[in-house]
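Novice: Have a peek at upload.cif (mmCIF, C-alpha atoms).
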data_my_file
loop_
_atom_site.label_atom_id
_atom_site.label_comp_id
_atom_site.auth_asym_id
_atom_site.auth_seq_id
_atom_site.Cartn_x
_atom_site.Cartn_y
_atom_site.Cartn_z
CA MET D 1 23.88 -68.89 64.51
CA LYS D 2 23.55 -66.67 61.47
CA LYS D 3 24.83 -63.14 61.75
CA PHE D 4 21.79 -60.92 62.40
CA TYR D 5 23.30 -57.42 62.57
CA ASN D 6 25.21 -54.97 60.40
CA GLU D 7 26.64 -52.28 62.68
CA VAL D 8 28.54 -52.72 65.94
CA ALA D 9 29.14 -49.71 68.19
CA VAL D 10 30.20 -48.75 71.69
CA GLU D 11 27.97 -46.28 73.55
CA PRO D 12 28.22 -44.74 77.03
CA ARG D 13 25.47 -45.97 79.31
CA ALA D 14 24.72 -45.79 83.02
CA GLY D 15 27.38 -47.81 84.78
CA GLY D 16 29.85 -47.94 81.90
CA PHE D 17 29.82 -48.66 78.19
CA ALA D 18 27.43 -50.82 76.18
CA VAL D 19 28.13 -52.72 72.99
CA THR D 20 25.27 -52.29 70.55
CA LEU D 21 24.25 -54.24 67.47
CA ASP D 22 22.32 -52.03 65.09
CA GLY D 23 21.64 -49.71 68.01
CA ARG D 24 20.42 -52.37 70.44
CA PRO D 25 22.56 -53.32 73.46
CA ILE D 26 23.94 -56.85 73.51
CA LYS D 27 22.31 -59.01 76.17
CA THR D 28 24.10 -61.52 78.36
CA PRO D 29 22.75 -65.10 78.51
CA SER D 30 20.79 -64.02 81.60
CA LYS D 31 19.23 -61.17 79.59
CA ALA D 32 21.10 -58.35 81.30
CA ASN D 33 22.53 -55.53 79.23
CA LEU D 34 26.20 -56.14 78.52
CA ILE D 35 27.77 -53.11 80.20
CA ALA D 36 31.55 -52.94 80.48
CA PRO D 37 33.20 -50.76 83.13
CA SER D 38 35.63 -49.20 80.65
CA GLU D 39 35.41 -48.04 77.05
CA ARG D 40 38.53 -50.08 76.25
CA LEU D 41 36.93 -53.33 77.40
CA ALA D 42 33.70 -52.55 75.55
CA GLN D 43 35.70 -51.89 72.38
CA VAL D 44 37.46 -55.26 72.64
CA VAL D 45 34.07 -56.96 72.91
CA ALA D 46 32.76 -54.89 69.99
CA ASP D 47 35.78 -55.90 67.90
CA GLU D 48 34.96 -59.57 68.48
CA TRP D 49 31.41 -59.03 67.19
CA SER D 50 32.65 -56.96 64.25
CA ALA D 51 35.05 -59.75 63.24
CA GLN D 52 32.28 -62.33 62.77
CA GLY D 53 31.54 -63.61 59.31
CA ASP D 54 28.23 -64.94 58.01
CA ASP D 55 27.86 -67.01 61.19
CA VAL D 56 28.42 -65.87 64.77
CA ASP D 57 30.88 -68.25 66.44
CA PRO D 58 31.03 -67.79 70.24
CA SER D 59 34.25 -69.80 70.42
CA THR D 60 36.04 -66.90 68.70
CA MET D 61 34.82 -64.36 71.27
CA PRO D 62 36.70 -65.05 74.53
CA MET D 63 36.29 -61.54 75.91
CA THR D 64 32.55 -61.60 75.34
CA ARG D 65 32.35 -64.88 77.26
CA LEU D 66 34.40 -63.48 80.13
CA VAL D 67 32.29 -60.32 80.39
CA ASN D 68 29.12 -62.45 80.36
CA THR D 69 30.58 -64.58 83.14
CA ALA D 70 31.46 -61.50 85.19
CA LEU D 71 27.96 -60.03 84.86
CA ASP D 72 25.84 -63.19 85.10
CA ARG D 73 27.77 -65.57 87.34
CA VAL D 74 30.37 -63.72 89.39
CA ALA D 75 29.00 -60.30 90.37
CA PRO D 76 25.64 -61.67 91.66
CA ARG D 77 27.44 -64.08 94.00
CA ALA D 78 30.60 -62.14 94.74
CA GLU D 79 30.75 -63.10 98.43
CA ASP D 80 30.64 -66.81 97.59
CA VAL D 81 33.32 -66.38 94.93
CA VAL D 82 35.56 -64.60 97.42
CA GLU D 83 35.21 -67.52 99.84
CA GLU D 84 35.96 -70.04 97.08
CA LEU D 85 39.13 -68.17 96.18
CA VAL D 86 40.34 -67.74 99.75
CA ALA D 87 39.85 -71.47 100.39
CA TYR D 88 42.57 -72.17 97.80
CA ALA D 89 45.12 -71.04 100.39
CA HIS D 90 44.71 -74.37 102.20
CA THR D 91 45.60 -76.35 99.07
CA ASP D 92 47.90 -73.85 97.36
CA LEU D 93 50.34 -75.54 95.00
CA LEU D 94 53.31 -73.64 96.38
CA CYS D 95 52.72 -74.90 99.92
CA TYR D 96 53.10 -78.60 99.10
CA ARG D 97 56.70 -79.63 98.47
CA ALA D 98 58.18 -82.87 97.24
CA LEU D 99 58.91 -85.79 99.55
CA ASP D 100 61.99 -87.96 98.88
CA GLN D 101 62.72 -86.15 95.58
CA ASP D 102 65.72 -83.99 96.35
CA GLU D 103 66.15 -82.50 92.89
CA LEU D 104 62.50 -81.47 92.60
CA LEU D 105 62.48 -80.17 96.17
CA ALA D 106 65.48 -77.97 95.40
CA GLN D 107 63.70 -76.57 92.34
CA GLN D 108 60.56 -75.89 94.36
CA ASP D 109 62.50 -74.11 97.08
CA ASN D 110 64.37 -72.03 94.52
CA VAL D 111 61.35 -71.07 92.37
CA TRP D 112 58.41 -71.09 94.78
CA GLN D 113 59.83 -69.76 98.03
CA PRO D 114 60.41 -66.21 96.72
CA TYR D 115 56.69 -65.95 95.92
CA LEU D 116 55.72 -66.95 99.45
CA GLU D 117 58.24 -64.53 100.94
CA TRP D 118 56.91 -61.74 98.72
CA LEU D 119 53.34 -62.50 99.83
CA ALA D 120 54.37 -62.33 103.49
CA ASN D 121 56.36 -59.12 103.10
CA THR D 122 54.03 -57.26 100.73
CA VAL D 123 50.51 -58.52 101.38
CA GLY D 124 51.05 -59.54 105.00
CA VAL D 125 50.05 -63.17 104.47
CA GLU D 126 52.37 -65.89 105.75
CA LEU D 127 51.45 -69.38 104.54
CA GLN D 128 52.77 -72.61 105.97
CA THR D 129 54.41 -75.26 103.77
CA THR D 130 54.73 -79.01 104.09
CA ASN D 131 56.41 -81.94 102.39
CA GLY D 132 54.02 -84.47 100.93
CA VAL D 133 50.28 -84.32 100.43
CA LEU D 134 48.84 -84.34 103.93
CA PRO D 135 46.47 -81.34 104.06
CA LEU D 136 47.45 -78.06 105.65
CA THR D 137 45.15 -75.66 107.46
CA GLN D 138 46.42 -72.12 107.12
CA SER D 139 46.11 -69.67 110.00
CA GLU D 140 42.95 -67.67 110.53
CA ALA D 141 45.04 -64.50 110.34
CA ALA D 142 46.25 -65.44 106.85
CA ILE D 143 42.75 -66.31 105.69
CA THR D 144 41.30 -63.08 107.10
CA THR D 145 43.88 -60.96 105.30
CA LEU D 146 43.39 -62.81 102.03
CA ARG D 147 39.64 -62.41 102.33
CA ARG D 148 40.00 -58.67 102.84
CA GLU D 149 42.27 -58.31 99.81
CA VAL D 150 40.12 -60.39 97.47
CA ALA D 151 36.87 -58.78 98.64
CA MET D 152 38.07 -55.42 97.33
CA MET D 153 37.84 -56.71 93.74
CA ASP D 154 34.83 -55.97 91.56
CA GLY D 155 33.03 -58.60 89.48
CA PHE D 156 35.31 -58.24 86.47
CA SER D 157 38.47 -58.43 88.55
CA LEU D 158 37.10 -61.41 90.48
CA THR D 159 36.37 -63.21 87.20
CA ALA D 160 39.93 -62.77 86.00
CA PHE D 161 41.43 -63.53 89.41
CA HIS D 162 39.37 -66.71 89.71
CA ALA D 163 40.80 -67.87 86.38
CA PHE D 164 44.35 -67.24 87.61
CA VAL D 165 43.85 -69.01 90.93
CA SER D 166 42.21 -72.07 89.44
CA GLY D 167 44.48 -72.16 86.39
CA PHE D 168 47.71 -71.86 88.39
CA GLY D 169 46.39 -73.87 91.32
CA SER D 170 47.70 -71.08 93.51
CA ILE D 171 46.30 -67.92 95.03
CA VAL D 172 49.92 -66.92 95.71
CA LEU D 173 50.82 -66.93 92.02
CA ALA D 174 47.58 -65.13 91.19
CA PHE D 175 48.44 -62.29 93.58
CA ALA D 176 52.03 -62.19 92.31
CA LEU D 177 50.69 -61.72 88.78
CA VAL D 178 48.12 -59.02 89.43
CA ARG D 179 50.37 -57.10 91.85
CA GLY D 180 53.26 -57.11 89.39
CA PHE D 181 55.74 -59.22 91.36
CA ALA D 182 56.17 -61.53 88.37
CA ASP D 183 55.01 -61.52 84.76
CA PHE D 184 52.63 -64.02 83.25
CA GLU D 185 55.27 -66.31 81.80
CA ALA D 186 57.08 -66.59 85.13
CA CYS D 187 53.87 -67.43 87.00
CA TRP D 188 52.85 -69.89 84.31
CA ALA D 189 56.23 -71.64 84.47
CA ALA D 190 56.10 -71.76 88.28
CA SER D 191 52.66 -73.38 88.16
CA LEU D 192 54.01 -76.11 85.87
CA LEU D 193 57.21 -76.79 87.80
CA GLU D 194 56.30 -80.30 88.95
CA GLU D 195 54.88 -81.26 85.58
CA THR D 196 57.88 -80.03 83.61
CA HIS D 197 60.20 -81.83 86.02
CA GLN D 198 58.42 -85.11 85.37
CA GLU D 199 58.29 -84.47 81.64
CA ALA D 200 62.04 -83.92 81.58
CA LEU D 201 62.38 -87.44 82.96
CA TRP D 202 59.63 -89.27 81.08
CA GLY D 203 58.73 -87.17 78.04
CA LEU D 204 55.78 -85.00 77.05
CA ASP D 205 52.29 -86.30 76.32
CA GLY D 206 50.76 -84.65 73.25
CA GLU D 207 47.27 -84.61 74.71
CA VAL D 208 48.53 -82.93 77.86
CA GLU D 209 50.38 -80.39 75.75
CA ASP D 210 47.20 -79.50 73.83
CA LYS D 211 45.18 -79.15 77.03
CA ARG D 212 47.88 -76.95 78.49
CA ALA D 213 47.90 -74.70 75.43
CA ARG D 214 44.13 -74.19 75.72
CA LEU D 215 44.42 -73.33 79.40
CA LYS D 216 47.21 -70.85 78.72
CA ALA D 217 45.09 -69.12 76.06
CA GLU D 218 42.19 -68.86 78.51
CA LEU D 219 44.44 -67.38 81.19
CA LEU D 220 45.92 -64.85 78.77
CA ALA D 221 42.38 -63.76 77.83
CA SER D 222 41.62 -63.35 81.53
CA PHE D 223 44.79 -61.29 81.93
CA ASP D 224 43.50 -59.02 79.16
CA LEU D 225 40.20 -58.73 81.03
CA TRP D 226 42.06 -57.75 84.19
CA HIS D 227 43.79 -54.89 82.36
CA PHE D 228 41.01 -53.77 80.02
CA ALA D 229 38.46 -53.48 82.83
CA ARG D 230 40.74 -50.83 84.35
CA ALA D 231 41.69 -49.04 81.13
#
Could you render the structure as structure tokens?

Specialist:
Amino acid sequence: MKKFYNEVAVEPRAGGFAVTLDGRPIKTPSKANLIAPSERLAQVVADEWSAQGDDVDPSTMPMTRLVNTALDRVAPRAEDVVEELVAYAHTDLLCYRALDQDELLAQQDNVWQPYLEWLANTVGVELQTTNGVLPLTQSEAAITTLRREVAMMDGFSLTAFHAFVSGFGSIVLAFALVRGFADFEACWAASLLEETHQEALWGLDGEVEDKRARLKAELLASFDLWHFARA
């Protein structure tokens, strides 16, 4: 759409900070005022709107999209989102190890097991593992603790955390990232362990590489949201 404003500003409002266009608060797609919990996050959104040329291109505004998602889609159904995230424990990538692939299994044990041990020792959640793809059902105690931990997050944190869990395929890696056990690159590499093992044997598919790069960019934007919402 054509750019319809001249001045972008950040203003304190009830509940946080609004981004205004010519003095009027930006609205989310659901027509709510776009209110960020921190001035830093609001400024990042404002910078995206300030950077637009003659046309407003939403694809160049990842933080605006994430804030809209937090306000319109996550916060109003926070309890459901918490349950969706906790359910990942039953299918967590790190809990399913290779069968009849000794080299890959050794890599998984070496890279993944420290994350599971950290989760047990630090968060108090002990997850079972298996070899193969037959589904696991994690203990009710583990699920209850995970639910309590995730439920403490606000809508903005839940939005970022959901991106990490779904992007990594692992609630364990998501917790390791946000609790500072490992940095983003380490968690990203751990999530791709099986894929990179296969690619070392058979080569890399260009289409897969492009898709992976897009996902990584989305996760890095979500990592910014995690930090900026607390700034």

Novice: Taking 3 positions as the minimum chain separation for residues in the same chain, which residues sit within 9 Å of Leu66 (chain D) when counting only C-alpha atoms? Answer as JSON, numbers by chain.

Specialist: {"D": [61, 62, 63, 69, 70, 71, 156, 159, 160, 221, 222, 225]}

Novice: Identify the residues around (27.2, -63.2, 60.6) within a radius of 12 Å, measuring from only C-alpha atoms in the coordinates stated by the file, and give them as a PDB file with C-alpha atoms, in the coordinates of the input.

Specialist:
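File written: result_14.pdb
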ATOM      1  CA  MET D   1      23.880 -68.890  64.510  1.00  0.00           C
ATOM      2  CA  LYS D   2      23.550 -66.670  61.470  1.00  0.00           C
ATOM      3  CA  LYS D   3      24.830 -63.140  61.750  1.00  0.00           C
ATOM      4  CA  PHE D   4      21.790 -60.920  62.400  1.00  0.00           C
ATOM      5  CA  TYR D   5      23.300 -57.420  62.570  1.00  0.00           C
ATOM      6  CA  ASN D   6      25.210 -54.970  60.400  1.00  0.00           C
ATOM      7  CA  GLU D   7      26.640 -52.280  62.680  1.00  0.00           C
ATOM      8  CA  VAL D   8      28.540 -52.720  65.940  1.00  0.00           C
ATOM      9  CA  LEU D  21      24.250 -54.240  67.470  1.00  0.00           C
ATOM     10  CA  GLU D  48      34.960 -59.570  68.480  1.00  0.00           C
ATOM     11  CA  TRP D  49      31.410 -59.030  67.190  1.00  0.00           C
ATOM     12  CA  SER D  50      32.650 -56.960  64.250  1.00  0.00           C
ATOM     13  CA  ALA D  51      35.050 -59.750  63.240  1.00  0.00           C
ATOM     14  CA  GLN D  52      32.280 -62.330  62.770  1.00  0.00           C
ATOM     15  CA  GLY D  53      31.540 -63.610  59.310  1.00  0.00           C
ATOM     16  CA  ASP D  54      28.230 -64.940  58.010  1.00  0.00           C
ATOM     17  CA  ASP D  55      27.860 -67.010  61.190  1.00  0.00           C
ATOM     18  CA  VAL D  56      28.420 -65.870  64.770  1.00  0.00           C
ATOM     19  CA  ASP D  57      30.880 -68.250  66.440  1.00  0.00           C
ATOM     20  CA  PRO D  58      31.030 -67.790  70.240  1.00  0.00           C
TER      21      PRO D  58
END

Novice: Find the residues near region 130-139 of chain D: any atom within 9 Å, counting all atoms listed in the file, skip ones fewer than 4 places away on the same chain, and give them as a list in words.

Specialist: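 Listed by chain and then number, they are Ala89, His90, Thr91, Cys95, Tyr96, Arg97, Ala98, Leu99, Asp100, Leu105, Glu126, Ile143 and Thr144 of chain D.
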
Novice: One decimal, in Å: what's the spacing between CA of Leu127 (chain D) and CA of Ser170 (chain D)?

Specialist: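 Computed distance, CA of Leu127 (chain D) to CA of Ser170 (chain D), equals 11.8 Å.
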
Novice: For a cutoff of 9 Å around the file-coordinate point (44.4, -69.2, 93.8), which residues qualify once you count all atoms listed in the file? I'd like the result as a PyMOL selection string.

Specialist: chain D and resi 85-89+91-93+161-175

Novice: Need to verify the contact set: Leu119 (chain D), 12 Å, only C-alpha atoms, exclusion of same-chain residues closer than 4 positions in sequence. Can you return it as a list in words?

Specialist: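 After dropping sequence-adjacent residues, the list is Ala89, Leu94, Trp112, Gln113, Pro114, Tyr115, Val123, Gly124, Val125, Glu126, Leu127, Gln128, Ala142, Thr145, Leu146, Glu149, Ile171, Val172, Leu173, Ala174, Phe175, Ala176, Leu177, Arg179, Gly180, Phe181 and Ala182 of chain D.
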
Novice: Provide the CA of Val111 (chain D) to CA of Val208 (chain D) distance in Å, to one decimal place.

Specialist: 22.7 Å

Novice: Just give me the gap between CA of Ala42 (chain D) and CA of Met153 (chain D) in Å, one decimal is fine.

Specialist: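 Answer for the CA of Ala42 (chain D) to CA of Met153 (chain D) separation: 19.1 Å.
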
Novice: Would you list the contacts of Ala151 (chain D) as a list in words, taking every protein, DNA or RNA residue within 9 Å and counting all atoms listed in the file, but skipping same-chain residues closer than 2 positions in sequence?

Specialist: Ala78, Glu79, Val82, Glu83, Leu146, Arg147, Arg148, Glu149, Met153, Asp154 and Leu158 of chain D

Novice: What does the file look like for those residues with C-alpha atoms, as a compact mmCIF listing (two decimals), in the frame of the given file?

Specialist:
# COMPACT_ATOMS: atom_id res chain seq x y z
CA ALA D 78 30.60 -62.14 94.74
CA GLU D 79 30.75 -63.10 98.43
CA VAL D 82 35.56 -64.60 97.42
CA GLU D 83 35.21 -67.52 99.84
CA LEU D 146 43.39 -62.81 102.03
CA ARG D 147 39.64 -62.41 102.33
CA ARG D 148 40.00 -58.67 102.84
CA GLU D 149 42.27 -58.31 99.81
CA MET D 153 37.84 -56.71 93.74
CA ASP D 154 34.83 -55.97 91.56
CA LEU D 158 37.10 -61.41 90.48

Novice: Would you kindly return, as a tab-separated table (two decimals) with C-alpha atoms, keeping the file's coordinate frame, each protein, DNA or RNA residue with an atom no farther than 12 Å from any atom of Arg40 (chain D), considering only C-alpha atoms and excluding same-chain residues fewer than 6 positions away?

Specialist:
chain	number	residue	atom	x	y	z
D	10	VAL	CA	30.20	-48.75	71.69
D	11	GLU	CA	27.97	-46.28	73.55
D	12	PRO	CA	28.22	-44.74	77.03
D	16	GLY	CA	29.85	-47.94	81.90
D	17	PHE	CA	29.82	-48.66	78.19
D	18	ALA	CA	27.43	-50.82	76.18
D	19	VAL	CA	28.13	-52.72	72.99
D	46	ALA	CA	32.76	-54.89	69.99
D	47	ASP	CA	35.78	-55.90	67.90
D	63	MET	CA	36.29	-61.54	75.91
D	224	ASP	CA	43.50	-59.02	79.16
D	225	LEU	CA	40.20	-58.73	81.03
D	226	TRP	CA	42.06	-57.75	84.19
D	227	HIS	CA	43.79	-54.89	82.36
D	228	PHE	CA	41.01	-53.77	80.02
D	229	ALA	CA	38.46	-53.48	82.83
D	230	ARG	CA	40.74	-50.83	84.35
D	231	ALA	CA	41.69	-49.04	81.13

Novice: Using the file's own x, y and z axes, so that the box edges lie along x, y and z, what centre and edge lengths in Å (one decimal) does a box around every listed atom of region 37-53 of chain D get when 5 Å is added on each side? Give it as JSON.

Specialist:
{"center_x": 35.0, "center_y": -55.8, "center_z": 71.2, "size_x": 17.1, "size_y": 25.6, "size_z": 33.8}

Novice: Return as a list in words the set of residues that the PyMOL selection byres ((chain D and resi 30) around 12) yields on the displayed structure.

Specialist: Ile26, Lys27, Thr28, Pro29, Lys31, Ala32, Asn33, Leu34, Asn68, Thr69, Ala70, Leu71, Asp72, Arg73 and Pro76 of chain D

Novice: Export region 71-99 of chain D from the structure block above, keeping N, CA and C atoms, as a short mmCIF file (atom, residue, chain, number, x, y, z; two decimals), in the first residue's frame.

Specialist:
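Below is the file decode-v2.cif, written as the result:
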data_model
loop_
_atom_site.label_atom_id
_atom_site.label_comp_id
_atom_site.auth_asym_id
_atom_site.auth_seq_id
_atom_site.Cartn_x
_atom_site.Cartn_y
_atom_site.Cartn_z
N LEU D 71 -0.30 -9.52 20.23
CA LEU D 71 -1.48 -8.82 20.72
C LEU D 71 -2.79 -9.43 20.22
N ASP D 72 -2.81 -9.86 18.96
CA ASP D 72 -4.06 -10.33 18.36
C ASP D 72 -4.30 -11.83 18.52
N ARG D 73 -3.22 -12.62 18.48
CA ARG D 73 -3.41 -14.07 18.38
C ARG D 73 -2.92 -14.84 19.59
N VAL D 74 -1.94 -14.33 20.29
CA VAL D 74 -1.37 -15.10 21.40
C VAL D 74 -1.97 -14.69 22.75
N ALA D 75 -1.89 -13.41 23.09
CA ALA D 75 -2.39 -12.96 24.39
C ALA D 75 -3.86 -13.33 24.63
N PRO D 76 -4.76 -13.20 23.64
CA PRO D 76 -6.17 -13.52 23.90
C PRO D 76 -6.41 -15.02 24.16
N ARG D 77 -5.50 -15.87 23.74
CA ARG D 77 -5.68 -17.31 23.95
C ARG D 77 -4.43 -17.91 24.60
N ALA D 78 -3.92 -17.22 25.59
CA ALA D 78 -2.66 -17.61 26.22
C ALA D 78 -2.72 -19.02 26.80
N GLU D 79 -3.83 -19.39 27.44
CA GLU D 79 -3.92 -20.72 28.05
C GLU D 79 -3.81 -21.81 26.99
N ASP D 80 -4.44 -21.62 25.85
CA ASP D 80 -4.36 -22.61 24.78
C ASP D 80 -2.95 -22.69 24.22
N VAL D 81 -2.29 -21.55 24.09
CA VAL D 81 -0.92 -21.53 23.58
C VAL D 81 0.01 -22.27 24.53
N VAL D 82 -0.17 -22.06 25.83
CA VAL D 82 0.63 -22.77 26.82
C VAL D 82 0.47 -24.28 26.64
N GLU D 83 -0.76 -24.75 26.48
CA GLU D 83 -0.99 -26.18 26.31
C GLU D 83 -0.36 -26.71 25.02
N GLU D 84 -0.43 -25.92 23.94
CA GLU D 84 0.20 -26.33 22.69
C GLU D 84 1.71 -26.51 22.88
N LEU D 85 2.31 -25.58 23.59
CA LEU D 85 3.76 -25.62 23.79
C LEU D 85 4.16 -26.79 24.67
N VAL D 86 3.44 -27.00 25.75
CA VAL D 86 3.77 -28.09 26.67
C VAL D 86 3.64 -29.44 25.97
N ALA D 87 2.68 -29.56 25.06
CA ALA D 87 2.48 -30.83 24.35
C ALA D 87 3.69 -31.22 23.52
N TYR D 88 4.53 -30.25 23.15
CA TYR D 88 5.74 -30.57 22.38
C TYR D 88 6.66 -31.51 23.15
N ALA D 89 6.56 -31.55 24.47
CA ALA D 89 7.44 -32.41 25.25
C ALA D 89 7.30 -33.88 24.83
N HIS D 90 6.11 -34.27 24.42
CA HIS D 90 5.89 -35.67 24.03
C HIS D 90 6.56 -36.02 22.70
N THR D 91 6.82 -35.02 21.88
CA THR D 91 7.43 -35.27 20.56
C THR D 91 8.75 -34.54 20.41
N ASP D 92 9.35 -34.12 21.51
CA ASP D 92 10.55 -33.30 21.46
C ASP D 92 11.66 -33.99 20.68
N LEU D 93 12.25 -33.24 19.77
CA LEU D 93 13.32 -33.75 18.91
C LEU D 93 14.40 -34.47 19.69
N LEU D 94 14.81 -33.91 20.81
CA LEU D 94 15.94 -34.43 21.56
C LEU D 94 15.65 -35.77 22.23
N CYS D 95 14.37 -36.14 22.30
CA CYS D 95 14.00 -37.38 22.99
C CYS D 95 13.95 -38.58 22.05
N TYR D 96 14.11 -38.37 20.77
CA TYR D 96 14.01 -39.45 19.80
C TYR D 96 15.36 -39.66 19.12
N ARG D 97 16.03 -40.74 19.49
CA ARG D 97 17.38 -41.01 19.03
C ARG D 97 17.37 -42.00 17.88
N ALA D 98 18.49 -42.05 17.19
CA ALA D 98 18.62 -42.90 16.00
C ALA D 98 18.54 -44.38 16.38
N LEU D 99 18.11 -45.17 15.42
CA LEU D 99 18.03 -46.62 15.55
C LEU D 99 18.89 -47.23 14.45
#
